[in-house]
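Only one structure is covered here, and it is reproduced in the block below.
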Protein chains: 2
Amino acid sequence: MRPDLSETLLIALDRASGVPALRQVYLGIRQAVLEGRLPPGARLPASRALAARLGLARNTVVAAYDQLLAEGIIEGRVGAGSFVSRDLPKEPEPPPAPGLAAPAAAASLPPAARRFAAALPATGSTAAAACNTGRTSWDPRTAQLWRSLTLRHLQAPSLAMLGYADPRGSAGLREAIAAYLRAARAVRCAPEQIVVTAGAQQAIDLVLKVLVEPGDQAWVEDPCYPAVRAALGAARAALVPVPVDAQGLVVAEGVAAAPQARLAYVTPSSQYPLGVVLSMARRLELLGWARQAGAFVVEDDYDSEFRYAGRPLAALQGIDDAGRVIYIGTFSKVLFPGLRLGYAVLPPALVEPVLGARLLSDWHPPALVEGVVTDFIAEGHFAQHLRRMRQRYRAARDVLVAALQGIPGLAAEAPEQGMKLVARLAPGFRDTEVAAAAARRGVIARAVSPMYLAAPPLQGLMLGFTGHEPAALRRAAREIAACLVPGAAGRPAAAG
Amino acid sequence: MRPDLSETLLIALDRASGVPALRQVYLGIRQAVLEGRLPPGARLPASRALAARLGLARNTVVAAYDQLLAEGIIEGRVGAGSFVSRDLPKEPEPPPAPGLAAPAAAASLPPAARRFAAALPATGSTAAAACNTGRTSWDPRTAQLWRSLTLRHLQAPSLAMLGYADPRGSAGLREAIAAYLRAARAVRCAPEQIVVTAGAQQAIDLVLKVLVEPGDQAWVEDPCYPAVRAALGAARAALVPVPVDAQGLVVAEGVAAAPQARLAYVTPSSQYPLGVVLSMARRLELLGWARQAGAFVVEDDYDSEFRYAGRPLAALQGIDDAGRVIYIGTFSKVLFPGLRLGYAVLPPALVEPVLGARLLSDWHPPALVEGVVTDFIAEGHFAQHLRRMRQRYRAARDVLVAALQGIPGLAAEAPEQGMKLVARLAPGFRDTEVAAAAARRGVIARAVSPMYLAAPPLQGLMLGFTGHEPAALRRAAREIAACLVPGAAGRPAAAG
């Protein structure tokens, strides 16, 4: 359906030009038609409305339309108004976009532009194909509640919903988040320390803006979450890869390599991508270093809400007494990614800087969505949604693990929490090649080895099990198995 | 209403510890109560649900609850479950937030953090008080359409609405924006050049990310829109103030001061805050310089949709043949600011870099809102909404101008377009002092002189007339008049 934009048509009347108004209206519309701005079949403004807008007598506009009609540029339909003639060339060539004629432009891009262009391939796929990570379920009960809460807010829109609002996010949502984090993650925080963001990625972006000068050192886990590695690279941080063992980040290696780093980015609840939990001894060691070095620890708690077994550790933030930990969370996993809602819990000294960065980034979160989420939590639906999803995701995990077990060349264990697992490949397989073969078969199995910076890479596949039907997970396992049989496209003849 | 977060309660079972599970459950809940994570009156998880979550027999959890009941830590209500006792201290002191004990932290902030903290006061108020700028009207017809379109999308949510989506924004919305800009602003663009953003501010943020290295020179209009000046400062650009005369930006002065600047930020349709239109001669001069210098021109077309009289000029972007202009627009003015939706039209060479920056900033726009706006445009409601608002805003403009005319010490003319006007003060008044006096009387009259960098400042008040009732505008004019009478608090005894 083509939108009717006639009301917005740009016609420039110049009263000082000496050209009669009738002719200016005629020429303005004719030019818009010839340039394709008014395509064939497009409706013209009603003569009365256009006259009012241009401050002309209606007869003047009618006379201009008559002339256009006479020339066949427009056509009239009785009772339906005037339209651009369909006898003109059907779709005039769109005018050349600026710059298309200047292929040299890309070569002369500013250095920052080249850095950000390079960031594009580091990011994930958005496809719904089986085993893509980050997908969530949306059951009828939640969908129905969501509609009714949204309608409630649209029926009585607040000033904040319509106008500009608090850059921190609404007070109600920050209180709800603080209560949830205190109960569920033992985070110690007041609502004043919380900034509501457009997902965890914006929280990371804001934190990097206020912490990183070009050249500053930043510890990252090795392997590391690619989007954070790319964001640090674009911010011109000097990446310091710190290896990960069975206890998580090897803090001593970070201290040895870069004792004066500005920050450390960590995923203590479930290391991304390996799933290791950072041990209590390492947590204390990391906080001790941060306190002494005046460094900040960015705790990305992206995947802690869905716990199926075993012993959870409270958030790192809860045992930080020196104001060094920035805690980052998201509603993308517990609700849905398209919501674009997350948060950062900040040490008090960083609240003002991050709010400044937030204002200059995009002012504030959209208040409608904040209101819906606040009510969803406050009225108890959130806890029930989490319980239903935990059951569903646990079942999906079990389906995928059962389907993967017994596939030669691949070892998969059921993770104790989260929404994905890493299946390790036997020697002789390269994960990038298996991933490419799987993609050709419609399965997104992300290779783990490219997430390494310096440490010897594990060859493994990251497989999401949430938001996919059991049948799709079983089919995905069969496709992956087919990539691993000797002689399959995915198995190199002489790899290793 | 206190949310029921019991389902999310963090209880860490350590099966290897040798401590019986019953005692671990008891201690875990007791600790959560004493730390205030479970406040008085909070509901405990149902014993069956908690047992399932922890992988314990239900009897074990029941026994732990019995012990807590016996100690008075929790209380049971027949048929209603178990709750934290209300006889405990009513609201346990929240644990100290991290960092509150470290006042030295602020002094040791990284330099970037200090830059962004300084940006805070540069930004505007979000209040609904009379004459605050940036407010829009929301009439019953639009509100009803908005509800029905939102419900439509919530009833059949797309994969993009629930999951991760295109960082450029939806194809449908980009097509609708391209058609609108071609018709209304003579912008030359394909949907592939458009990036949908969280308002114009995010478009500016992304553009600065990909263009500006610390120390790069950036032309700004003098006076300049404060949020852009702050964003450039935070990005460590070297600001080059270029004066504005009756034809707009004095390009020759910019060329003389900084011929090799990286970019120029301009508001050609209506200079912010003065309202001057950049003349065609200056437009050609500006584009000629940008082409020769390899500089980019950031065209912020923030205020062009509501035109009441006079001759509009097409967008600068439409006459750029060299791919140097970045066109920025927003739905904040034509719909409402709380929507958080805007866009940038990019020269092709900048599309990939900006998309990289967008992904690393916050991935993509929220698809629900995109879908609603797309339908709102495609089904013709947008053009009708613009027409209704144009009438309403023109009437509001006339009310305010009539109320201001005749106030001694103040000169106000009706602007030909937009949503605000600048009233000039007579010699002897300082706008900052009048603005402060007006604020004490509940009127937001932004002083213009602080928006200047180097040029001799105009003393004036920026007054928004949209989104305010006529009675409120008349009252505001009376309050401003009261600030200007001799001897009033707002009039300094010996100013000038």
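Simple scheme: letters A, B, ... for chains in structure tokens order, numbers from 1 for residues in each chain, numbers from 1 for ligands in the order shown.
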
task = Output as a ChimeraX atom specification all residues of segment 356-428 of chain A that backbone DSSP marks as alpha helix (DSSP H).
result = /A:356-362,367-378,381-404

Please, could you write that set of residues out with N, CA and C atoms as a short mmCIF file (atom, residue, chain, number, x, y, z; two decimals), in the first residue's frame?
```cif
data_model
loop_
_atom_site.label_atom_id
_atom_site.label_comp_id
_atom_site.auth_asym_id
_atom_site.auth_seq_id
_atom_site.Cartn_x
_atom_site.Cartn_y
_atom_site.Cartn_z
N GLY A 356 24.87 11.68 31.87
CA GLY A 356 25.27 12.63 30.83
C GLY A 356 25.42 11.92 29.49
N ALA A 357 26.09 10.78 29.51
CA ALA A 357 26.30 10.04 28.27
C ALA A 357 24.97 9.54 27.71
N ARG A 358 24.06 9.16 28.59
CA ARG A 358 22.76 8.65 28.16
C ARG A 358 21.94 9.75 27.48
N LEU A 359 21.91 10.93 28.09
CA LEU A 359 21.20 12.05 27.49
C LEU A 359 21.73 12.34 26.09
N LEU A 360 23.04 12.38 25.96
CA LEU A 360 23.62 12.72 24.67
C LEU A 360 23.52 11.56 23.68
N SER A 361 23.23 10.36 24.18
CA SER A 361 23.06 9.22 23.27
C SER A 361 21.66 9.20 22.67
N ASP A 362 20.64 9.32 23.51
CA ASP A 362 19.27 9.22 23.01
C ASP A 362 18.23 9.69 24.03
N ALA A 367 8.77 5.56 27.42
CA ALA A 367 8.07 5.38 28.68
C ALA A 367 6.91 4.38 28.59
N LEU A 368 6.34 4.19 27.40
CA LEU A 368 5.25 3.23 27.29
C LEU A 368 5.72 1.84 27.69
N VAL A 369 6.83 1.42 27.11
CA VAL A 369 7.37 0.10 27.39
C VAL A 369 7.80 -0.01 28.85
N GLU A 370 8.36 1.06 29.38
CA GLU A 370 8.72 1.05 30.80
C GLU A 370 7.50 0.81 31.68
N GLY A 371 6.40 1.49 31.33
CA GLY A 371 5.19 1.35 32.13
C GLY A 371 4.65 -0.07 32.09
N VAL A 372 4.68 -0.67 30.92
CA VAL A 372 4.17 -2.03 30.78
C VAL A 372 5.03 -3.00 31.60
N VAL A 373 6.34 -2.87 31.49
CA VAL A 373 7.22 -3.79 32.22
C VAL A 373 7.07 -3.58 33.73
N THR A 374 6.95 -2.32 34.15
CA THR A 374 6.79 -2.05 35.58
C THR A 374 5.55 -2.76 36.12
N ASP A 375 4.44 -2.62 35.43
CA ASP A 375 3.21 -3.28 35.89
C ASP A 375 3.35 -4.79 35.83
N PHE A 376 4.01 -5.26 34.78
CA PHE A 376 4.17 -6.71 34.62
C PHE A 376 4.93 -7.30 35.82
N ILE A 377 5.93 -6.56 36.31
CA ILE A 377 6.66 -7.02 37.48
C ILE A 377 5.82 -6.82 38.74
N ALA A 378 5.26 -5.60 38.90
CA ALA A 378 4.60 -5.24 40.16
C ALA A 378 3.36 -6.09 40.41
N HIS A 381 3.19 -10.86 37.48
CA HIS A 381 3.22 -11.68 36.27
C HIS A 381 4.64 -12.11 35.90
N PHE A 382 5.59 -11.25 36.23
CA PHE A 382 6.97 -11.51 35.85
C PHE A 382 7.47 -12.81 36.50
N ALA A 383 7.23 -12.94 37.80
CA ALA A 383 7.70 -14.13 38.51
C ALA A 383 7.05 -15.38 37.92
N GLN A 384 5.77 -15.27 37.58
CA GLN A 384 5.09 -16.44 37.00
C GLN A 384 5.61 -16.75 35.60
N HIS A 385 5.87 -15.68 34.84
CA HIS A 385 6.43 -15.88 33.50
C HIS A 385 7.79 -16.58 33.61
N LEU A 386 8.62 -16.12 34.54
CA LEU A 386 9.93 -16.76 34.72
C LEU A 386 9.77 -18.24 35.04
N ARG A 387 8.81 -18.58 35.90
CA ARG A 387 8.64 -19.98 36.28
C ARG A 387 8.21 -20.81 35.06
N ARG A 388 7.25 -20.28 34.31
CA ARG A 388 6.82 -21.03 33.13
C ARG A 388 7.96 -21.21 32.13
N MET A 389 8.72 -20.13 31.93
CA MET A 389 9.82 -20.20 30.95
C MET A 389 10.91 -21.14 31.44
N ARG A 390 11.15 -21.15 32.76
CA ARG A 390 12.20 -22.03 33.28
C ARG A 390 11.85 -23.48 32.96
N GLN A 391 10.59 -23.83 33.16
CA GLN A 391 10.17 -25.21 32.85
C GLN A 391 10.33 -25.50 31.36
N ARG A 392 9.90 -24.55 30.56
CA ARG A 392 9.95 -24.76 29.12
C ARG A 392 11.40 -24.85 28.62
N TYR A 393 12.26 -23.97 29.14
CA TYR A 393 13.64 -23.94 28.66
C TYR A 393 14.41 -25.17 29.15
N ARG A 394 14.07 -25.60 30.36
CA ARG A 394 14.73 -26.80 30.86
C ARG A 394 14.37 -28.00 29.96
N ALA A 395 13.12 -28.07 29.61
CA ALA A 395 12.69 -29.17 28.73
C ALA A 395 13.39 -29.07 27.37
N ALA A 396 13.52 -27.86 26.84
CA ALA A 396 14.19 -27.68 25.55
C ALA A 396 15.66 -28.08 25.65
N ARG A 397 16.29 -27.70 26.76
CA ARG A 397 17.68 -28.09 26.98
C ARG A 397 17.82 -29.61 26.95
N ASP A 398 16.90 -30.28 27.66
CA ASP A 398 16.99 -31.74 27.73
C ASP A 398 16.78 -32.38 26.36
N VAL A 399 15.87 -31.79 25.58
CA VAL A 399 15.64 -32.31 24.23
C VAL A 399 16.91 -32.18 23.39
N LEU A 400 17.55 -31.02 23.43
CA LEU A 400 18.72 -30.81 22.60
C LEU A 400 19.88 -31.70 23.05
N VAL A 401 20.10 -31.76 24.37
CA VAL A 401 21.22 -32.57 24.86
C VAL A 401 21.00 -34.04 24.49
N ALA A 402 19.77 -34.52 24.67
CA ALA A 402 19.50 -35.93 24.32
C ALA A 402 19.73 -36.17 22.84
N ALA A 403 19.35 -35.20 22.01
CA ALA A 403 19.51 -35.38 20.57
C ALA A 403 20.97 -35.32 20.15
N LEU A 404 21.78 -34.55 20.91
CA LEU A 404 23.20 -34.41 20.55
C LEU A 404 24.01 -35.59 21.04
#
```

| field | Spatial neighbours of Gln317 of chain B, 8 Å, only C-alpha atoms, chain gap at least 6 places, as an MDAnalysis selection string | value | chainID B and resid 187:188 299 325:327

Atom pair atom CA of Ala435 of chain A + atom CA of Cys483 of chain A, distance 8.7 Å

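Proximity to chain B was assessed for A:Ala21, A:Ala314, A:Val62, A:Ala80 counting only C-alpha atoms; the smallest distance is recorded for A:Ala314.
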
* To do: Once DSSP has gone over the backbone, tell me which residues of segment 272-457 of chain A are in strand (DSSP E or B), as a ChimeraX atom specification.
  => /A:296-300,307,325-330,342-345,410-411,417,420-425,443,446-447

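Residues lying within 10 Å of Asp14 of chain B, counting only C-alpha atoms and ignoring same-chain neighbours fewer than 3 positions away, are Gly310, Arg311 and Pro312 of chain A; Ile11, Ser17, Gly18, Val19, Pro20, Ala21 and Gln24 of chain B.
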
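The spacing separating atom CA of Asp166 of chain B from atom CA of Leu339 of chain A amounts to 13.7 Å.
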
Quick one: everything within 10 Å of Leu425 of chain A, counting only C-alpha atoms, minus sequence neighbours fewer than 4 positions away in the same chain. Send it as a VMD selection string.
chain A and resid 408 to 412 429 to 431 434 458 to 461 484

Quick one: residues within 10 Å of Val228 of chain A, only C-alpha atoms counted, chain neighbours fewer than 6 positions away excluded, as a short mmCIF file (atom, residue, chain, number, x, y, z; two decimals) with N, CA, C and O atoms, in the first residue's frame?
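Output file result01.cif is given in full below:
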```cif
data_model
loop_
_atom_site.label_atom_id
_atom_site.label_comp_id
_atom_site.auth_asym_id
_atom_site.auth_seq_id
_atom_site.Cartn_x
_atom_site.Cartn_y
_atom_site.Cartn_z
N ALA A 122 31.35 -8.72 13.21
CA ALA A 122 31.54 -9.34 14.52
C ALA A 122 30.22 -9.66 15.18
O ALA A 122 30.18 -10.32 16.21
N THR A 123 29.14 -9.19 14.63
CA THR A 123 27.87 -9.32 15.33
C THR A 123 27.06 -10.48 14.79
O THR A 123 27.30 -10.97 13.69
N GLN A 201 23.41 -4.00 25.61
CA GLN A 201 24.40 -3.42 24.72
C GLN A 201 24.52 -1.91 24.95
O GLN A 201 25.62 -1.37 24.95
N ILE A 204 26.54 -1.28 28.06
CA ILE A 204 27.97 -1.42 27.79
C ILE A 204 28.50 -0.20 27.04
O ILE A 204 29.56 0.34 27.37
N ASP A 205 27.75 0.26 26.05
CA ASP A 205 28.17 1.43 25.27
C ASP A 205 28.36 2.64 26.18
O ASP A 205 29.35 3.36 26.08
N LEU A 208 31.44 2.25 28.41
CA LEU A 208 32.70 2.46 27.68
C LEU A 208 32.89 3.95 27.39
O LEU A 208 34.00 4.47 27.44
N VAL A 220 39.79 -8.41 28.96
CA VAL A 220 38.64 -9.18 28.51
C VAL A 220 38.92 -10.65 28.74
O VAL A 220 40.08 -11.09 28.72
N ALA A 234 36.29 -0.51 18.89
CA ALA A 234 35.83 0.74 18.28
C ALA A 234 36.13 1.93 19.19
O ALA A 234 36.35 3.04 18.70
N TYR A 265 36.15 -6.56 31.83
CA TYR A 265 34.80 -6.98 31.45
C TYR A 265 34.68 -8.48 31.73
O TYR A 265 35.47 -9.28 31.20
N LEU B 360 26.64 -1.63 17.86
CA LEU B 360 27.39 -1.62 19.12
C LEU B 360 26.76 -0.66 20.12
O LEU B 360 27.10 -0.69 21.31
#
```

From the list A:Leu355, A:Leu34, A:Ala290, A:Ala57, the nearest residue to chain B using only C-alpha atoms is A:Leu355

Determine the nearest neighbour of Val33 of chain A from the options B:Arg15, B:Arg182, B:Ala128, B:Glu175, counting only C-alpha atoms.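 Of B:Arg15, B:Arg182, B:Ala128, B:Glu175, the one nearest Val33 of chain A is B:Arg182, counting only C-alpha atoms.
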